[in-house]
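Worksheet for the structure shown next.
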Amino acid sequence: MAIRYIDIKQEVLSANDGLANKLRVRLKEHKTLMINVMSSPGAGKTTLLLDTIQRLREQLRIGVVEADIESMVDAEKIEQSGAMAVQIRTGGDCHIDAPMLKPALDTMNLDSVDLLFLENIGNLVCPAEFDTGATCSIMLLSVPEGDDKVLKYPLMFKVCHCLLINKTDVLPYFDFDIDACIERALRLNPEMKIIPVSAKTGEGMEEWYRWLREQTEQWIGKK
């Protein structure tokens, strides 16, 4: 008798992708651009988002879905900045997928949000494997992590539309070859936009804001 083989991962991913596509259609109907923000823990996602909210809140209505294994500390920071915030507590899961995200979106008035950030779990593996329904994905790679992360976690770089090389203000203190990092990333993903930034000093942030405005205009037709 032949042994039956069932690929659970493929079944899970297929079901997830179906719901993710439905969420994308829903976001489009509400003219809401959702960006999936991924990185290692400590790369600076929350700091970047707080700065972005401060800079763009007069131009765009911004919301944030915060995802953490535990705690609400980042969501509280976002809410204090004046943006709409919803917290997802995964209780151990190292990624966000479409079924996890849907209840958070159900609580939001999407008609009042132009730009919605999903701050994913800090992890360079699992989040890259799951479609959340986001319009596009970005990754933060901080200088202290090292330029070899492109070689070690290629899928993350392949699935992202934009790479922010963050904490450029500390480049003089770390053995980080920014040219090699950019070359490796573009070899994996030639269409990726790469922006070196420092959320602390403001270096490169204007280019980041410009990229965000362009993506929002393309998605929801704002001029």
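In the structure tokens, chains take letters A, B, ... by order of appearance, with residues numbered from 1 within each chain and ligands from 1 in the order shown.
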
### Polymer residues at most 9 Å from Leu116 of chain A, only C-alpha atoms, same-chain spacing of 4 or more positions, as a ChimeraX atom specification
/A:32-36,61-65,110

Grab the residues selected above and save them as a PDB file, in the first residue's frame with N, CA and C atoms.
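Contents of out-v4.pdb, as written:
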ATOM      1  N   THR A  32      -6.708  52.284   0.894  1.00  0.00           N
ATOM      2  CA  THR A  32      -5.723  52.217   1.977  1.00  0.00           C
ATOM      3  C   THR A  32      -4.505  51.440   1.501  1.00  0.00           C
ATOM      4  N   LEU A  33      -3.355  52.059   1.552  1.00  0.00           N
ATOM      5  CA  LEU A  33      -2.104  51.394   1.218  1.00  0.00           C
ATOM      6  C   LEU A  33      -1.540  50.758   2.483  1.00  0.00           C
ATOM      7  N   MET A  34      -1.314  49.438   2.459  1.00  0.00           N
ATOM      8  CA  MET A  34      -0.723  48.768   3.615  1.00  0.00           C
ATOM      9  C   MET A  34       0.684  48.308   3.283  1.00  0.00           C
ATOM     10  N   ILE A  35       1.633  48.647   4.174  1.00  0.00           N
ATOM     11  CA  ILE A  35       3.032  48.288   3.994  1.00  0.00           C
ATOM     12  C   ILE A  35       3.457  47.370   5.127  1.00  0.00           C
ATOM     13  N   ASN A  36       3.972  46.214   4.754  1.00  0.00           N
ATOM     14  CA  ASN A  36       4.467  45.234   5.708  1.00  0.00           C
ATOM     15  C   ASN A  36       5.919  45.576   6.046  1.00  0.00           C
ATOM     16  N   ARG A  61      -3.305  60.248   6.405  1.00  0.00           N
ATOM     17  CA  ARG A  61      -3.902  59.668   7.605  1.00  0.00           C
ATOM     18  C   ARG A  61      -3.260  58.295   7.808  1.00  0.00           C
ATOM     19  N   ILE A  62      -2.530  58.154   8.917  1.00  0.00           N
ATOM     20  CA  ILE A  62      -1.671  56.985   9.112  1.00  0.00           C
ATOM     21  C   ILE A  62      -2.187  56.109  10.253  1.00  0.00           C
ATOM     22  N   GLY A  63      -2.152  54.808  10.032  1.00  0.00           N
ATOM     23  CA  GLY A  63      -2.469  53.833  11.061  1.00  0.00           C
ATOM     24  C   GLY A  63      -1.369  52.796  11.143  1.00  0.00           C
ATOM     25  N   VAL A  64      -1.282  52.113  12.277  1.00  0.00           N
ATOM     26  CA  VAL A  64      -0.249  51.095  12.481  1.00  0.00           C
ATOM     27  C   VAL A  64      -0.874  49.877  13.159  1.00  0.00           C
ATOM     28  N   VAL A  65      -0.609  48.703  12.604  1.00  0.00           N
ATOM     29  CA  VAL A  65      -0.920  47.451  13.276  1.00  0.00           C
ATOM     30  C   VAL A  65       0.388  46.933  13.846  1.00  0.00           C
ATOM     31  N   LEU A 110     -11.199  51.709   7.881  1.00  0.00           N
ATOM     32  CA  LEU A 110     -10.202  51.859   6.831  1.00  0.00           C
ATOM     33  C   LEU A 110     -10.455  53.076   5.947  1.00  0.00           C
TER      34      LEU A 110
END

### Interatomic distance, atom CA of Asp68 of chain A to atom CA of Ile220 of chain A (Å, one decimal)
28.6 Å

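Closest approach to Ala20 of chain A among A:Asp97, A:Glu206, A:Glu58, A:Glu76 is made by A:Asp97 (distances from only C-alpha atoms).
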
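Distance check against Asp147 of chain A using only C-alpha atoms: of A:Met100, A:Leu50, A:Cys181, A:Leu124, the minimum falls on A:Cys181.
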
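Atom CA of Asp148 of chain A lies 17.7 Å from atom CA of Gly122 of chain A.
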
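Distance annotation: of A:Val143, A:Leu49, A:Val125, A:Leu23, the residue with the minimal separation from Pro172 of chain A is A:Val143; atom set is only C-alpha atoms.
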
### Which of A:Cys160, A:Ala43, A:Val113, A:Met205 sits closest to Gly146 of chain A [using only C-alpha atoms]
A:Ala43

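Using only C-alpha atoms, the shortest contact distance between Lys102 of chain A and any of A:Leu48, A:Ile138, A:Leu118, A:Ile78 is found at A:Leu118.
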
### Query
Hey, what's within 12 Å of segment 54-56 of chain A if we count only C-alpha atoms and toss same-chain stuff fewer than 6 positions away? As a ChimeraX atom specification, please?
/A:47-48,62-63,78-83,114-115,199,202,205-206,208-210,212-213,216

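For the set A:Ser198, A:Ser137, A:Asn123, A:Ser142, the residue with the smallest atom-to-atom gap to Ser40 of chain A is A:Asn123, counting only C-alpha atoms.
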
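For segment 188-194 of chain A, the residues within 6 Å (counting only C-alpha atoms, excluding itself and residues fewer than 4 positions away along the chain) are A:Lys158, A:His161, A:Cys162, A:Leu163, A:Leu164.
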
Can I get the selection written as a short mmCIF file (atom, residue, chain, number, x, y, z; two decimals), in the first residue's frame, with all heavy atoms?
data_model
loop_
_atom_site.label_atom_id
_atom_site.label_comp_id
_atom_site.auth_asym_id
_atom_site.auth_seq_id
_atom_site.Cartn_x
_atom_site.Cartn_y
_atom_site.Cartn_z
N LYS A 158 14.49 39.03 -1.21
CA LYS A 158 13.81 38.77 -2.47
C LYS A 158 12.36 39.27 -2.48
O LYS A 158 11.85 39.69 -3.51
CB LYS A 158 13.82 37.27 -2.77
CG LYS A 158 15.17 36.73 -3.18
CD LYS A 158 15.09 35.23 -3.45
CE LYS A 158 16.44 34.65 -3.86
NZ LYS A 158 16.36 33.18 -4.09
N HIS A 161 10.06 45.16 -1.47
CA HIS A 161 10.09 46.19 -2.51
C HIS A 161 11.09 47.30 -2.19
O HIS A 161 11.53 48.00 -3.09
CB HIS A 161 8.70 46.80 -2.69
CG HIS A 161 7.65 45.80 -3.07
ND1 HIS A 161 7.04 44.97 -2.15
CD2 HIS A 161 7.12 45.48 -4.27
CE1 HIS A 161 6.17 44.20 -2.77
NE2 HIS A 161 6.19 44.49 -4.05
N CYS A 162 11.39 47.45 -0.91
CA CYS A 162 12.28 48.52 -0.48
C CYS A 162 13.12 48.03 0.70
O CYS A 162 12.60 47.39 1.60
CB CYS A 162 11.48 49.76 -0.10
SG CYS A 162 12.46 51.17 0.46
N LEU A 163 14.42 48.35 0.65
CA LEU A 163 15.33 48.04 1.74
C LEU A 163 15.84 49.34 2.34
O LEU A 163 16.40 50.18 1.62
CB LEU A 163 16.51 47.21 1.24
CG LEU A 163 17.72 47.06 2.17
CD1 LEU A 163 17.31 46.31 3.44
CD2 LEU A 163 18.87 46.34 1.47
N LEU A 164 15.64 49.52 3.63
CA LEU A 164 16.20 50.65 4.34
C LEU A 164 17.40 50.16 5.13
O LEU A 164 17.26 49.29 6.00
CB LEU A 164 15.17 51.27 5.29
CG LEU A 164 13.89 51.80 4.66
CD1 LEU A 164 12.98 52.38 5.74
CD2 LEU A 164 14.17 52.84 3.60
#

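The gap separating atom CA of His95 of chain A from atom CA of Cys126 of chain A is 5.6 Å, in Å to one decimal.
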
### Task
Apply DSSP to the backbone of this structure and, from segment 43-203 of chain A, keep only the residues in strand (DSSP E); write these as a PyMOL selection string.
chain A and resi 62-68+84-89+115-119+136-142+162-166+193-196

### Task
Check the DSSP output for the backbone and give back, as a PyMOL selection string, the residues of segment 38-220 of chain A in helix (DSSP H, G or I).
chain A and resi 45-56+73-80+98-106+110-112+126-129+143-145+149-152+154-159+168-173+178-188+205-220
